[in-house]
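Notes for the one structure printed next.
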2 protein chains.
Amino acid sequence: MVRDTAQRRAIRRALEEAGRPLGALEVLEASKAGAPGLGIATVYRSIKALLADGSICEVLLPGEAPRYEFAGKDHHHHFRCQRCEKVFELGGGCLPDLKSALPRGFRVSSHEVLVHGVCSGCARGKRR
Amino acid sequence: MVRDTAQRRAIRRALEEAGRPLGALEVLEASKAGAPGLGIATVYRSIKALLADGSICEVLLPGEAPRYEFAGKDHHHHFRCQRCEKVFELGGGCLPDLKSALPRGFRVSSHEVLVHGVCSGCARGKRR
DNA sequence: TTGATAATGATAACACAATATCAAAAGAGA
DNA sequence: TCTCTTTTGATATTGTGTTATCATTATCAA
C-alpha cells in the first residue's frame with residue numbers, strides 16, 4: 001500500500017513548482033525545504049515512481065544526466081544556459097521544413113531541439 | 001615523434017569513409033578490416049588525438065555515448081534511426097524563428113536538432 | 001494506541017564508458 | 001640490420017550516475 005510521506009510531497013512539489021526540468025541533485029536541493037534530511041536514494045525512488053505513473057517525463061540532453069519535468073505540457077523544446085547550466089522550457093515555435101532536409105526514404109517520428117546560450121539571469125548579472 | 005601505424009590509418013579511414021558519426025565501438029568494427037586485432041584502447045587513443053588536432057569532432061546525442069564525425073562540414077543536424085540506432089547527417093534547412101520562442105533576455109549562441117525516425121534501409125527492410 | 005509493514009537514509013554495490021598500466025610489438029633513423 | 005622509443009592490446013582501474021541493501025523510522029488501518 002502506497003503511503004503519503006513528507007518526502008514524496010516535497011519532491012513532487014519541487015518538480016511541479018520548478019517550471020523547468022530538474023536533475024536528481026537539483027530535485028534533492030529543491031526538496032530539502034519541505035523534507036529536511038532528505039536522501040538522494042529517496043529522490044531517485046520517487047522520480048522512478050513519478051515516471052512510472054506518468055506524472056513526470058524525462059528530459060535528456062546530450063552529455064548530461066537526465067532531468068525531469070512535469071508531464072502534460074504541449075510540445076516544446078529546451079534552452080540550456082551555459083553559465084548556470086540550468087535548463088529552461090521554450091514556448092512553441094517549431095520546425096517548419098523538417099522534411100526538406102531529409103534523405104529519401106527516411107521516416108520521421110519525432111524531433112527535439114536544444115538551444116544553447118545565456119539565460120536572462122546570467123546575462124543580467126553579466127560574467128559571474 | 002609521431003609514428004604512422006596501420007591502426008591509426010585504419011581508424012582515420014573508417015571515420016572518413018563512414019559519412020556519418022560513429023561511436024567508439026562502431027569505429028572499432030569499421031577499422032578491423034584495415035587493422036586486424038585492433039583493440040578498443042587504441043580506438044579511444046586515436047579518437048582523442050584526432051579530436052585534439054581538429055580532424056574530427058564530437059557528436060553528442062541525448063542519453064548516448066559520444067559519436068565522432070569528420071570536421072569541416074557545414075552546419076548540419078542529425079537523424080537517429082530507432083531501429084538500427086545509426087546516426088545520419090542531415091543537410092542544411094535550419095531553424096528560421098528561433099528568436100520568437102525565446103523568453104526575454106535570453107541570448108542564443110547555438111542550437112542543435114535531432115530527428116528521430118526510421119532510416120531508408122530499415123524502412124525498406126520493414127520490421128526487424 | 002498499537003502493530004504490520006511501507007518508506008527512508010546511509011552507504012555499499014553496480015553498470016558503463018573511458019583512462020591508466022605495462023609487457024610486448026612495431027616504426028623509423030642510423 | 002640494429003636499437004631506441006612510440007604504439008599497441010589486454011585488462012585493471014577509475015569516475016559518474018543509479019540501484020540495492022538493510023537497520024531504523026514513520027504511516028495508517030484497526
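In the C-alpha cells, chains take letters A, B, ... by order of appearance, with residues numbered from 1 within each chain and ligands from 1 in the order shown.
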
List every residue of region 9-107 of chain A that has an atom at most 12 Å from any atom of region 17-30 of chain D, giving for each one its closest atom pair and the distance in Å to one decimal, counting only C-alpha atoms (C1' of nucleotides), sorted by chain and then by ascending residue number, as CSV.
```
residue,atom,partner,partner_atom,distance
A:Gly23,CA,D:DG17,C1',11.1
A:Ala24,CA,D:DG17,C1',9.6
A:Leu25,CA,D:DG17,C1',10.7
A:Ile40,CA,D:DT18,C1',10.2
A:Ala41,CA,D:DT19,C1',8.5
A:Thr42,CA,D:DT19,C1',11.2
A:Val43,CA,D:DT18,C1',11.0
A:Tyr44,CA,D:DT18,C1',7.8
A:Arg45,CA,D:DT19,C1',9.2
A:Ile47,CA,D:DT18,C1',11.6
A:Lys48,CA,D:DT18,C1',10.9
A:Glu64,CA,D:DG17,C1',10.2
A:Ala65,CA,D:DG17,C1',7.4
A:Pro66,CA,D:DG17,C1',9.6
```

Could you turn the residues from that selection into a file that holds C-alpha atoms, as a short mmCIF file (atom, residue, chain, number, x, y, z; two decimals), in the first residue's frame?
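Dumped to part.cif:
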```
data_model
loop_
_atom_site.label_atom_id
_atom_site.label_comp_id
_atom_site.auth_asym_id
_atom_site.auth_seq_id
_atom_site.Cartn_x
_atom_site.Cartn_y
_atom_site.Cartn_z
CA GLY A 23 18.20 16.84 -12.38
CA ALA A 24 18.29 14.43 -9.45
CA LEU A 25 20.59 16.67 -7.43
CA ILE A 40 19.38 11.05 -2.64
CA ALA A 41 18.10 7.46 -2.67
CA THR A 42 14.61 8.67 -1.89
CA VAL A 43 14.86 11.21 -4.67
CA TYR A 44 15.71 8.50 -7.19
CA ARG A 45 12.98 6.25 -5.86
CA ILE A 47 11.47 10.03 -9.57
CA LYS A 48 11.09 6.43 -10.67
CA GLU A 64 24.21 15.21 -19.35
CA ALA A 65 22.42 13.25 -16.69
CA PRO A 66 18.65 13.10 -17.13
#
```

Neighbour list for DT14 (chain D) as an MDAnalysis selection string, cut-off 10 Å, only C-alpha atoms (C1' of nucleotides), skip fewer than 4 positions in-chain: chainID C and resid 18:20

Take the residues that were just selected and, keeping N, CA and C atoms (P, O5', C5', C4', C3', O3' and C1' of nucleotides), output them as a compact mmCIF listing (two decimals), in the first residue's frame.
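Output (selection.txt):
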```txt
# COMPACT_ATOMS: atom_id res chain seq x y z
P DA C 18 32.84 6.77 -24.08
O5' DA C 18 34.15 6.89 -23.18
C5' DA C 18 34.17 7.88 -22.16
C4' DA C 18 35.43 7.72 -21.35
C3' DA C 18 36.73 7.78 -22.17
O3' DA C 18 37.53 8.83 -21.61
C1' DA C 18 36.74 5.93 -20.67
P DT C 19 38.98 9.17 -22.18
O5' DT C 19 39.95 8.56 -21.08
C5' DT C 19 39.78 8.96 -19.72
C4' DT C 19 40.75 8.18 -18.86
C3' DT C 19 42.21 8.26 -19.32
O3' DT C 19 42.96 8.63 -18.18
C1' DT C 19 41.56 6.00 -18.98
P DA C 20 44.54 8.75 -18.24
O5' DA C 20 45.00 7.41 -17.53
C5' DA C 20 44.52 7.12 -16.22
C4' DA C 20 45.28 5.94 -15.65
C3' DA C 20 46.79 5.98 -15.87
O3' DA C 20 47.41 5.47 -14.68
C1' DA C 20 45.85 4.04 -16.94
```

Contacts between chain A and chain C, please, where a residue of chain C counts if it comes within 12 Å (with only C-alpha atoms (C1' of nucleotides)); show its shortest atom pair and distance in Å to one decimal, rows by chain and ascending number, as a Markdown table.
```
| residue | atom | partner | partner_atom | distance |
| --- | --- | --- | --- | --- |
| C:DA4 | C1' | A:Met1 | CA | 11.6 |
| C:DT5 | C1' | A:Met1 | CA | 9.0 |
| C:DA6 | C1' | A:Arg3 | CA | 6.9 |
| C:DA7 | C1' | A:Arg3 | CA | 7.8 |
| C:DT8 | C1' | A:Thr42 | CA | 6.9 |
| C:DG9 | C1' | A:Gly39 | CA | 5.5 |
| C:DA10 | C1' | A:Gly39 | CA | 8.3 |
| C:DT11 | C1' | A:Ala41 | CA | 10.1 |
| C:DA17 | C1' | A:Gly63 | CA | 11.9 |
```

From the list B:Glu29, B:Asp74, B:Glu16, B:Glu89, which residue is nearest Val59 (chain B) when using only C-alpha atoms?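 Going through B:Glu29, B:Asp74, B:Glu16, B:Glu89 one by one, the smallest distance to Val59 (chain B) is for B:Glu89.
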
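With CA of Cys84 (chain A) on one side and CA of Val118 (chain A) on the other, the separation reads 8.3 Å.
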
What residues in chain A have any atom no more than 12 Å from chain B when counting only C-alpha atoms, and can you write them as a VMD selection string? chain A and resid 58 to 67 76 to 83 87 to 126

Which value, in Å to one decimal, gives the distance between CA of Ile56 (chain A) and CA of Tyr68 (chain A)?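 Here the two named atoms are 6.4 Å from each other.
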